[in-house]
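Below is one structure; the comments refer to it alone.
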Amino acid sequence: MSSKINLYRVLPVLMSFFVMSFVDLVGIGVDRVSLDMNLSPTVAQLIPSVAFLWFFLLSVPVGVLQSRLGKRFMLNAGMLVTALGLFIPFFFYSFATVLLGFAFLGIGNTIVQVSANPLLVDVVPSNRASSFLSFSQFIKAVGSMLGAPLAAVFAVRLGNWKILFLVYGIVSLISVLWLASVNINESRESEVKASFASAFRLLGNKFVLLMVLSIFVVVGVDVGFNSNSGQFFINSFGLEQTSAESARSVYFLGRMLGTFLGALLLTRVASRKFNVWTTILGILGFVALLLLRSEAAAWILTFFIGLTVANIFPLVFSIAVDEYPGRKNEISGLMMMAISGGAVIPLLMGWVTDISTNLFGMSVLLACMIYLLAASVYAARYHAMKK
C-alpha cells in the first residue's frame, strides 16, 4: 500500500466513528425519558440494556456475514439501522418506541463497531494504522461529548430535546451516502474466522476468561457512569436536569483527553503496569466521588474518572491478544460479545438504587473497578510467569 494518505477514502470511514458514538445517547435517554415518563431507576436502565444486549448476540454472526458481504457494505448497513433507531423515538414517542429505537440503535452500533475498525485499516497506510485507530477514538469521544449539550440546546431553544434524534439520524444517512460514493479496495483476510464454538472453548483458559470479564465490566462502568451520572448529580447536589446532564460531557472530555495521554505514556510505560496504575487511580476517583459532599470536587472527579477509565478497554484487549496472538479471531469475538456488559451493569445499578439510594447504585461501579484491579494484577503476574 502507498504511504500516501487518501483523504477521499479516509474521511468517510472516520465519519462512521462519529456515528458510532450515537449509542452513548443511552445516558441522555435515561435522564430525559425518566423525567418525561416518571420511570423508576430499574425501568429506566432498560434503555442501555436493550442497546448493549445485541453485542452479545450479534458480534460473531456479523463478523461471519462481513467476510462474505464486505466491510463497507456491513458498515453502511449498520449506519442505516442506526438511523432507523434514531428516527423511531423522534416520530413515535412512547416508552415502548424508545426501547424499540434504542434496540435498533444497539443493533446498528454492533454492526458499525465490528466493521469500522478493519475498514479504516484498509484505507490508511499500514505504518499509520495505529495512529489513525487512536484518532478514530478521539472522533468517537467528541461525538459522545456533544450529545448532552446539544440535547440541552434543543430543549431550551426549541422546546424539544428529541430533535437530537432527528439530527443524528440525518447525520447517519449522510454518512451512508458519503461512504457509498467512495470506491474502496478491501483486504480479504486469510485467517480462520472465529466461531461460537471456538470462542467459547477458549473461555476454559483462566487468563482469557478474566480478560473477557474485564471487558464486560469496564464497558459496564463506562455505560453505567454515563447513564447514572445525571441522576447522581441531581440527587446528591440538587442540580436541575440540564446542569446535571453536563456531567456526562465532563466525563467524556476526560475520556477524550485520556486517550491522548495514554498514547503518550504507553511509549514509555509497559502496558500491564500502566493498566494496574490507571485502575488504581480510577478506584481512588470513585471512592472520593462517593465520599466527598462537595459539588466542585464532584465535577473534578467526574473528569478524573473519565481520564483514568479511558484506556482500560484497549489495554485489556491488547494484553489479551499479546499473550495469545494466534487466537486473535476468537479473542476479538469474545471481547466484542463482552461489550454486552453495558446492558447488565446499568440494570444492576438501577435495581440497587431502587432498593436503596442512588449513592449505593453508584457503588456498583466501585466494585467493578476493584475487580478490574484484581484482573490487571493477575495479568501482570501471568505475563511474568510465562517469561
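Scheme for the C-alpha cells: letters A, B, ... for chains in order shown; per-chain residue numbers from 1; ligand numbers from 1 in order shown.
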Given only C-alpha atoms, how would the per-residue table for segment 40-95 of chain A near segment 323-347 of chain A read, listing every residue at most 7 Å away with its closest atom pair and distance in Å to one decimal, sorted by chain and number, as a Markdown table?
| residue | atom | partner | partner_atom | distance |
| --- | --- | --- | --- | --- |
| A:Thr42 | CA | A:Leu347 | CA | 6.1 |
| A:Gln45 | CA | A:Leu347 | CA | 5.1 |
| A:Leu46 | CA | A:Leu347 | CA | 6.5 |
| A:Pro48 | CA | A:Ala343 | CA | 5.6 |
| A:Ser49 | CA | A:Ala343 | CA | 3.5 |
| A:Val50 | CA | A:Ala343 | CA | 6.6 |
| A:Ala51 | CA | A:Ala343 | CA | 6.9 |
| A:Phe52 | CA | A:Ala343 | CA | 4.8 |
| A:Leu53 | CA | A:Ser340 | CA | 5.1 |
| A:Trp54 | CA | A:Ser340 | CA | 6.9 |
| A:Phe55 | CA | A:Met337 | CA | 5.0 |
| A:Phe56 | CA | A:Met337 | CA | 4.0 |
| A:Ser59 | CA | A:Met337 | CA | 5.8 |
| A:Val60 | CA | A:Gly333 | CA | 5.7 |
Show me, as a compact mmCIF listing (two decimals) with N, CA and C atoms, in the first residue's frame, the residues that have an atom within 10 Å of Ala180 of chain A when counting only C-alpha atoms, minus same-chain residues fewer than 6 positions from it.
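selection_0.txt, freshly written:
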# COMPACT_ATOMS: atom_id res chain seq x y z
N PRO A 12 -14.69 9.56 4.95
CA PRO A 12 -16.00 8.94 5.20
C PRO A 12 -15.95 7.77 6.17
N ARG A 72 -17.42 -2.51 3.89
CA ARG A 72 -18.15 -1.28 3.59
C ARG A 72 -19.65 -1.54 3.53
N PHE A 73 -20.07 -2.66 2.94
CA PHE A 73 -21.49 -2.99 2.88
C PHE A 73 -22.06 -3.10 4.28
N LEU A 75 -20.81 -1.89 7.11
CA LEU A 75 -20.73 -0.61 7.81
C LEU A 75 -21.90 0.29 7.42
N ASN A 76 -22.21 0.35 6.13
CA ASN A 76 -23.35 1.15 5.69
C ASN A 76 -24.66 0.59 6.22
N ILE A 174 -26.47 10.77 5.94
CA ILE A 174 -25.44 11.46 5.15
C ILE A 174 -24.16 10.64 5.13
**OP:** Would you kindly return, as an MDAnalysis selection string, each protein, DNA or RNA residue with an atom no farther than 12 Å from any atom of Ala152 of chain A, considering only C-alpha atoms and excluding same-chain residues fewer than 2 positions away?
**Re:** chainID A and resid 28 31:32 146:150 154:164 240:246 249
Original post:
For Glu295 of chain A, which of A:Leu372, A:Leu239, A:Ile184, A:Leu203 is the closest residue, counting only C-alpha atoms?
Top reply: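 Selected residue with least distance to Glu295 of chain A: A:Leu239.
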Original post:
When distances are computed from only C-alpha atoms, which of A:Lys206, A:Ile280, A:Phe22, A:His383 shows the smallest separation from Val167 of chain A?
Top reply: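 Of the candidates, the smallest distance to Val167 of chain A is held by A:Phe22.
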With only C-alpha atoms counted and 9 Å as the cut-off, give the residues of segment 202-250 of chain A in contact with segment 303-312 of chain A, each with its shortest interatomic distance in Å and the pair that gives it, as JSON lines.
{"residue": "A:Ser214", "atom": "CA", "partner": "A:Ile312", "partner_atom": "CA", "distance": 8.8}
{"residue": "A:Ile215", "atom": "CA", "partner": "A:Ile312", "partner_atom": "CA", "distance": 8.4}
{"residue": "A:Val218", "atom": "CA", "partner": "A:Ile312", "partner_atom": "CA", "distance": 7.1}
{"residue": "A:Val221", "atom": "CA", "partner": "A:Val309", "partner_atom": "CA", "distance": 8.5}
{"residue": "A:Asp222", "atom": "CA", "partner": "A:Val309", "partner_atom": "CA", "distance": 7.7}
{"residue": "A:Ala247", "atom": "CA", "partner": "A:Phe303", "partner_atom": "CA", "distance": 8.4}
{"residue": "A:Arg248", "atom": "CA", "partner": "A:Phe303", "partner_atom": "CA", "distance": 9.0}
{"residue": "A:Ser249", "atom": "CA", "partner": "A:Phe303", "partner_atom": "CA", "distance": 8.9}
{"residue": "A:Val250", "atom": "CA", "partner": "A:Phe303", "partner_atom": "CA", "distance": 5.4}
Original post:
For Val10 of chain A, which of A:Thr278, A:Asn235, A:Asn228, A:Asn183 is the closest residue, counting only C-alpha atoms?
Top reply: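 Closest candidate: A:Asn183.
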**OP:** Can you work out which one of A:Ser236, A:Leu173, A:Ala320, A:Met349 has the shortest atom-to-atom distance to Ser294 of chain A, counting only C-alpha atoms?
**Re:** A:Ser236
Subject >> Nearest residue to Ser21 of chain A from the set A:Thr353, A:Asn185, A:Ser136, A:Ser271 (distances using only C-alpha atoms) >> reply: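 Smallest distance to Ser21 of chain A is found for A:Ser136.
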Original post:
From the set A:Met369, A:Val64, A:Met20, A:Leu315, which residue has the shortest atom-to-atom contact distance to Ser175 of chain A, counting only C-alpha atoms?
Top reply: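 Among A:Met369, A:Val64, A:Met20, A:Leu315, it is A:Met20 that comes nearest to Ser175 of chain A.
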**OP:** Among the residues of segment 118-271 of chain A, find those DSSP assigns to alpha helix (DSSP H) from the backbone and print them as a ChimeraX atom specification.
**Re:** /A:118-123,129-157,163-180,196-202,206-237,241-265,271
